[in-house]
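Dumped run-v9.pdb below, it's PDB, C-alpha atoms:
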```
ATOM      1  CA  MET A   1     115.057 105.031  93.611
ATOM      2  CA  GLY A   2     118.088 103.534  95.268
ATOM      3  CA  ASN A   3     118.612 103.418  99.014
ATOM      4  CA  ASP A   4     114.963 103.568 100.111
ATOM      5  CA  ASN A   5     115.725 103.522 103.848
ATOM      6  CA  ALA A   6     118.126 106.471 103.546
ATOM      7  CA  TYR A   7     115.517 108.397 101.562
ATOM      8  CA  ARG A   8     112.747 107.665 104.079
ATOM      9  CA  ASP A   9     114.987 108.691 106.994
ATOM     10  CA  TRP A  10     115.852 111.960 105.223
ATOM     11  CA  ARG A  11     112.200 112.583 104.403
ATOM     12  CA  ASP A  12     111.092 111.921 107.995
ATOM     13  CA  GLU A  13     113.664 114.434 109.240
ATOM     14  CA  GLN A  14     112.457 117.048 106.750
ATOM     15  CA  LEU A  15     108.803 116.592 107.752
ATOM     16  CA  LYS A  16     109.375 116.788 111.517
ATOM     17  CA  ALA A  17     107.904 119.896 113.099
ATOM     18  CA  GLY A  18     110.406 120.187 115.951
ATOM     19  CA  GLU A  19     109.368 118.584 119.240
ATOM     20  CA  ARG A  20     106.918 115.686 119.183
ATOM     21  CA  ALA A  21     103.347 116.886 119.849
ATOM     22  CA  LYS A  22     102.023 115.855 123.256
ATOM     23  CA  GLY A  23      98.405 116.502 122.299
ATOM     24  CA  GLY A  24      96.451 119.678 121.654
ATOM     25  CA  GLU A  25      99.024 121.399 119.450
ATOM     26  CA  PRO A  26      97.529 122.781 116.205
ATOM     27  CA  CYS A  27      97.780 120.616 113.083
ATOM     28  CA  GLN A  28     100.072 122.368 110.619
ATOM     29  CA  VAL A  29      97.681 121.498 107.770
ATOM     30  CA  CYS A  30      94.154 122.189 109.076
ATOM     31  CA  GLY A  31      94.680 123.823 112.485
ATOM     32  CA  GLU A  32      92.709 121.202 114.452
ATOM     33  CA  PRO A  33      94.332 119.875 117.656
ATOM     34  CA  VAL A  34      96.738 116.954 117.262
ATOM     35  CA  PRO A  35      95.305 114.087 119.363
ATOM     36  CA  ALA A  36      97.496 112.878 122.226
ATOM     37  CA  ARG A  37      96.982 109.322 120.966
ATOM     38  CA  ALA A  38      97.787 110.064 117.313
ATOM     39  CA  HIS A  39     100.378 107.902 115.561
ATOM     40  CA  TRP A  40     103.885 108.883 116.692
ATOM     41  CA  LYS A  41     104.837 109.940 113.169
ATOM     42  CA  HIS A  42     101.797 112.234 113.001
ATOM     43  CA  ARG A  43     102.780 113.734 116.368
ATOM     44  CA  ASP A  44     106.344 114.260 115.078
ATOM     45  CA  ARG A  45     104.917 116.081 112.053
ATOM     46  CA  HIS A  46     102.184 117.942 113.996
ATOM     47  CA  VAL A  47      99.346 116.610 111.849
ATOM     48  CA  CYS A  48      96.025 115.486 113.283
ATOM     49  CA  SER A  49      95.022 112.663 110.923
ATOM     50  CA  PRO A  50      96.115 110.371 108.075
ATOM     51  CA  SER A  51      94.374 112.747 105.666
ATOM     52  CA  CYS A  52      96.411 115.746 106.857
ATOM     53  CA  ASN A  53      99.575 113.612 106.810
ATOM     54  CA  LEU A  54      98.873 112.793 103.139
ATOM     55  CA  THR A  55      98.313 116.498 102.389
ATOM     56  CA  LEU A  56     101.590 117.384 104.134
ATOM     57  CA  ASN A  57     103.413 114.747 102.064
ATOM     58  CA  ARG A  58     101.871 116.025  98.817
ATOM     59  CA  ARG A  59     102.916 119.593  99.629
ATOM     60  CA  PHE A  60     106.432 118.345 100.345
ATOM     61  CA  ASN A  61     106.510 116.412  97.043
ATOM     62  CA  ARG A  62     105.466 119.498  95.113
ATOM     63  CA  ARG A  63     108.249 121.526  96.755
ATOM     64  CA  ILE A  64     110.737 118.853  95.648
ATOM     65  CA  GLU A  65     109.377 118.872  92.087
ATOM     66  CA  ARG A  66     109.563 122.699  91.962
ATOM     67  CA  GLY A  67     113.228 122.504  93.024
ATOM     68  CA  GLU A  68     112.649 124.250  96.381
ATOM     69  CA  ILE A  69     114.043 121.206  98.217
ATOM     70  CA  THR A  70     116.987 119.163  96.936
ATOM     71  CA  ARG A  71     116.780 115.404  97.296
ATOM     72  CA  PRO A  72     119.748 113.728  98.954
ATOM     73  CA  PRO A  73     122.127 111.795  96.663
ATOM     74  CA  VAL A  74     120.661 108.370  97.528
ATOM     75  CA  PHE A  75     119.044 107.653  94.189
ATOM     76  CA  SER A  76     120.292 105.277  91.529
ATOM     77  CA  PRO A  77     118.853 104.918  88.027
ATOM     78  CA  ASP A  78     116.494 102.088  87.205
ATOM     79  CA  PRO A  79     118.721  99.143  86.240
ATOM     80  CA  GLN A  80     116.418  97.991  83.432
ATOM     81  CA  GLY A  81     117.223  99.496  80.068
ATOM     82  CA  ALA A  82     114.825  99.996  77.185
ATOM     83  CA  ARG A  83     112.736  96.867  76.659
ATOM     84  CA  PRO A  84     109.518  95.762  74.978
ATOM     85  CA  ALA A  85     106.294  95.977  76.986
ATOM     86  CA  ARG A  86     105.520  92.821  78.956
ATOM     87  CA  ALA A  87     103.124  91.256  81.446
ATOM     88  CA  PHE A  88     104.004  90.720  85.118
ATOM     89  CA  ARG A  89     102.038  87.910  86.741
ATOM     90  CA  THR A  90     101.431  86.412  90.165
ATOM     91  CA  LEU A  91     103.675  83.356  90.471
ATOM     92  CA  PRO A  92     102.499  79.924  91.674
ATOM     93  CA  ALA A  93     102.207  79.264  95.415
ATOM     94  CA  GLY A  94     105.522  78.186  96.885
ATOM     95  CA  SER A  95     107.606  80.477  94.638
ATOM     96  CA  LEU A  96     110.549  82.212  96.317
ATOM     97  CA  PHE A  97     108.891  85.600  95.621
ATOM     98  CA  PRO A  98     105.150  85.788  94.825
ATOM     99  CA  TYR A  99     105.330  88.125  91.787
ATOM    100  CA  GLU A 100     107.202  88.652  88.530
ATOM    101  CA  ILE A 101     109.179  91.909  88.697
ATOM    102  CA  GLN A 102     111.844  93.669  86.635
ATOM    103  CA  GLY A 103     113.657  96.854  87.624
ATOM    104  CA  TYR A 104     112.010  99.451  89.843
ATOM    105  CA  SER A 105     108.562  99.723  88.281
ATOM    106  CA  PRO A 106     106.355  98.785  85.340
ATOM    107  CA  LYS A 107     106.684 100.966  82.238
ATOM    108  CA  PRO A 108     104.060 102.260  79.784
ATOM    109  CA  GLY A 109     102.691  99.339  77.789
ATOM    110  CA  ASP A 110     103.154  96.849  80.637
ATOM    111  CA  VAL A 111     100.309  94.874  82.180
ATOM    112  CA  VAL A 112     100.512  93.837  85.840
ATOM    113  CA  GLU A 113      98.374  91.030  87.284
ATOM    114  CA  ARG A 114      98.197  90.540  91.055
ATOM    115  CA  HIS A 115      95.914  87.739  92.308
ATOM    116  CA  GLY A 116      93.515  88.197  89.399
ATOM    117  CA  SER A 117      93.426  92.009  89.598
ATOM    118  CA  VAL A 118      94.932  93.608  86.471
ATOM    119  CA  ILE A 119      96.339  97.075  85.753
ATOM    120  CA  ALA A 120      97.656  98.437  82.471
ATOM    121  CA  VAL A 121     100.274 101.216  82.428
ATOM    122  CA  HIS A 122      99.928 104.057  79.891
ATOM    123  CA  ARG A 123     101.446 107.421  79.017
ATOM    124  CA  ALA A 124      98.943 110.214  79.724
ATOM    125  CA  ALA A 125     100.046 111.980  76.517
ATOM    126  CA  ASP A 126      98.684 109.009  74.515
ATOM    127  CA  LEU A 127      95.141 109.495  75.862
ATOM    128  CA  PRO A 128      92.539 111.516  73.956
ATOM    129  CA  ASP A 129      92.226 115.032  75.338
ATOM    130  CA  TYR A 130      88.709 114.521  76.727
ATOM    131  CA  ALA A 131      89.830 111.527  78.836
ATOM    132  CA  ILE A 132      92.461 113.405  80.892
ATOM    133  CA  PRO A 133      91.243 114.912  84.202
ATOM    134  CA  TRP A 134      91.892 118.656  84.391
ATOM    135  CA  GLN A 135      93.816 118.153  87.666
ATOM    136  CA  VAL A 136      96.435 116.125  85.779
ATOM    137  CA  ARG A 137      96.959 118.631  82.970
ATOM    138  CA  PRO A 138      99.897 121.015  83.394
ATOM    139  CA  HIS A 139      98.749 124.507  84.341
ATOM    140  CA  SER A 140     100.376 127.798  85.246
ATOM    141  CA  GLY A 141     102.615 127.173  88.234
ATOM    142  CA  SER A 142     102.787 123.398  87.662
ATOM    143  CA  SER A 143     106.185 121.748  87.542
ATOM    144  CA  TRP A 144     105.474 118.948  85.064
ATOM    145  CA  GLN A 145     104.762 118.268  81.420
ATOM    146  CA  LEU A 146     102.061 115.834  80.291
ATOM    147  CA  GLU A 147     104.781 113.833  78.488
ATOM    148  CA  GLN A 148     106.196 112.914  81.945
ATOM    149  CA  VAL A 149     102.884 111.636  83.346
ATOM    150  CA  ALA A 150     102.031 107.926  83.495
ATOM    151  CA  LEU A 151      98.869 106.256  84.703
ATOM    152  CA  SER A 152      98.014 102.787  85.940
ATOM    153  CA  VAL A 153      94.483 101.800  84.910
ATOM    154  CA  HIS A 154      92.667  99.076  86.841
ATOM    155  CA  THR A 155      91.046  97.090  84.034
ATOM    156  CA  GLN A 156      88.166  95.765  86.128
ATOM    157  CA  THR A 157      86.910  99.197  87.270
ATOM    158  CA  GLY A 158      88.582 101.784  85.032
ATOM    159  CA  ALA A 159      90.056 103.535  88.080
ATOM    160  CA  ALA A 160      93.280 105.330  87.142
ATOM    161  CA  PHE A 161      96.244 106.396  89.279
ATOM    162  CA  TYR A 162      98.277 109.273  87.755
ATOM    163  CA  TYR A 163     101.893 109.997  88.710
ATOM    164  CA  LEU A 164     104.919 111.891  87.447
ATOM    165  CA  THR A 165     107.881 109.893  86.114
ATOM    166  CA  ASP A 166     111.531 110.542  85.371
ATOM    167  CA  HIS A 167     113.215 110.014  81.981
ATOM    168  CA  THR A 168     113.239 106.206  82.521
ATOM    169  CA  TRP A 169     109.471 106.155  83.290
ATOM    170  CA  THR A 170     110.267 105.374  86.931
ATOM    171  CA  PRO A 171     107.721 107.052  89.266
ATOM    172  CA  THR A 172     108.902 110.152  91.108
ATOM    173  CA  SER A 173     107.471 111.277  94.433
ATOM    174  CA  LEU A 174     104.767 113.452  92.811
ATOM    175  CA  ILE A 175     101.361 111.734  92.789
ATOM    176  CA  LEU A 176      98.752 113.574  90.730
ATOM    177  CA  GLY A 177      95.779 111.622  92.054
ATOM    178  CA  ALA A 178      93.439 108.688  91.600
ATOM    179  CA  PHE A 179      90.324 109.017  89.443
ATOM    180  CA  LEU A 180      87.270 107.011  88.460
ATOM    181  CA  GLY A 181      86.700 108.380  84.977
ATOM    182  CA  LEU A 182      87.163 112.136  85.391
ATOM    183  CA  LYS A 183      85.976 112.112  89.026
ATOM    184  CA  PRO A 184      88.774 112.281  91.616
ATOM    185  CA  LEU A 185      88.630 109.655  94.355
ATOM    186  CA  ASP A 186      88.382 111.249  97.809
ATOM    187  CA  ASP A 187      91.311 109.284  99.218
ATOM    188  CA  THR A 188      94.086 108.370  96.775
ATOM    189  CA  PHE A 189      94.993 105.224  98.721
ATOM    190  CA  GLY A 190      91.605 104.555 100.337
ATOM    191  CA  PRO A 191      88.843 102.150  99.326
ATOM    192  CA  PHE A 192      86.279 103.029  96.636
ATOM    193  CA  GLU A 193      83.108 101.423  95.300
ATOM    194  CA  ALA A 194      82.925 100.270  91.669
ATOM    195  CA  GLU A 195      81.487  97.381  89.666
ATOM    196  CA  GLY A 196      79.531  96.127  92.686
ATOM    197  CA  GLY A 197      82.581  95.756  94.935
ATOM    198  CA  THR A 198      84.963  97.620  97.226
ATOM    199  CA  TRP A 199      88.449  98.216  95.819
ATOM    200  CA  ARG A 200      91.633  99.878  97.038
TER     201      ARG A 200
END
```

What is this file in structure tokens?
Amino acid sequence: MGNDNAYRDWRDEQLKAGERAKGGEPCQVCGEPVPARAHWKHRDRHVCSPSCNLTLNRRFNRRIERGEITRPPVFSPDPQGARPARAFRTLPAGSLFPYEIQGYSPKPGDVVERHGSVIAVHRAADLPDYAIPWQVRPHSGSSWQLEQVALSVHTQTGAAFYYLTDHTWTPTSLILGAFLGLKPLDDTFGPFEAEGGTWR
């Protein structure tokens, strides 16, 4: 973590495809034409849709994790040291900030409640073997170990979001995916149906 704006600026520069697309140029992910009215960032990156933009970002993240691209020196370690697991709640209306927070991110063992929606954070290595999606398991050519993987489980639906962490259990840029049980969700950040409702 650290200087988020500096990191985003660096990342945007890395993902630019040269000149901004005017419309009709091939998407560098799927080859379809980039629409003339696409979001300016998509036109800068020569991608045709939010889905292709997400794919481009994931490819970039994997190159970083493999060491093919060096991050700029804008990161600082998480300021919170080792601590017991805790709950982070939504604060009463009128509070200066609406949520309890500590450091950069929740750690394994923590529970986070946001407006009645609850997630629990776990280490993937603590799960039974049969409960871990095959896409999350390290495989030949992967750049991670299961001991580095954390997941946030939505307690109401069982949906789980898997991500790679550093030695302080702070999330890195590598997202391994969102799953409902062992089934991957089509869009990691999109809505999904579960328990009679629509969730994101």

* For Ile64 in chain A, list every protein, DNA or RNA residue within 12 Å, evaluated using only C-alpha atoms, and leave out those in the same chain fewer than 3 positions away; present the list as a list in words. =>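 Result of the neighbour search: Arg11, Gln14, Asn57, Arg58, Arg59, Phe60, Asn61, Gly67, Glu68, Ile69, Thr70, Arg71, Pro72, Ser143, Trp144, Thr172, Ser173 and Leu174 of chain A.
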
* To do: Rounded to one decimal place, report the CA of Arg89 in chain A-CA of Asp186 in chain A distance in Å.
  =>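 Separation of CA of Arg89 in chain A and CA of Asp186 in chain A: 29.2 Å.
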
* To do: Excluding range 97-111 of chain A and residues on its chain fewer than 2 positions from it, collect all residues at most 10 Å away from it, counting only C-alpha atoms, and give them as a VMD selection string.
  => chain A and resid 1 to 2 77 to 95 113 to 115 118 to 124 150 to 155 165 168 to 171

* Asked: Interatomic distance between CA of Gln156 in chain A and CA of Ser51 in chain A?
  ->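 Between CA of Gln156 in chain A and CA of Ser51 in chain A the gap is 26.6 Å.
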
* If the PyMOL selection byres ((chain A and resi 192-198) around 9) is run on the structure shown, which residues does it catch, given as a list in words? ->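 Answer for the PyMOL selection byres ((chain A and resi 192-198) around 9): Gln156, Thr157, Gly158, Ala159, Leu180, Leu185, Asp186, Asp187, Gly190, Pro191, Trp199 and Arg200 of chain A.
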
* To do: Please indicate the distance in Å from CA of Leu164 in chain A to CA of Leu176 in chain A, rounded to one decimal place.
  =>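 Distance between the two atoms: 7.2 Å.
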
* To do: Name the residues within 8 Å of (98.6, 119.6, 119.1), counting all atoms listed in the file in the file's coordinates, and put them as a ChimeraX atom specification.
  => /A:21-27,32-36,43,46-48

* Selection near Pro184 in chain A, 10 Å with only C-alpha atoms, sequence-local residues under 6 positions removed, as JSON, numbers by chain -> {"A": [133, 135, 159, 160, 161, 177, 178]}

* Point (89.5, 116.6, 86.6) neighbourhood (9 Å, only C-alpha atoms) written as a list in words ->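 Within the cut-off we find Ile132, Pro133, Trp134, Gln135, Val136, Arg137, Phe179, Gly181, Leu182, Lys183 and Pro184 of chain A.
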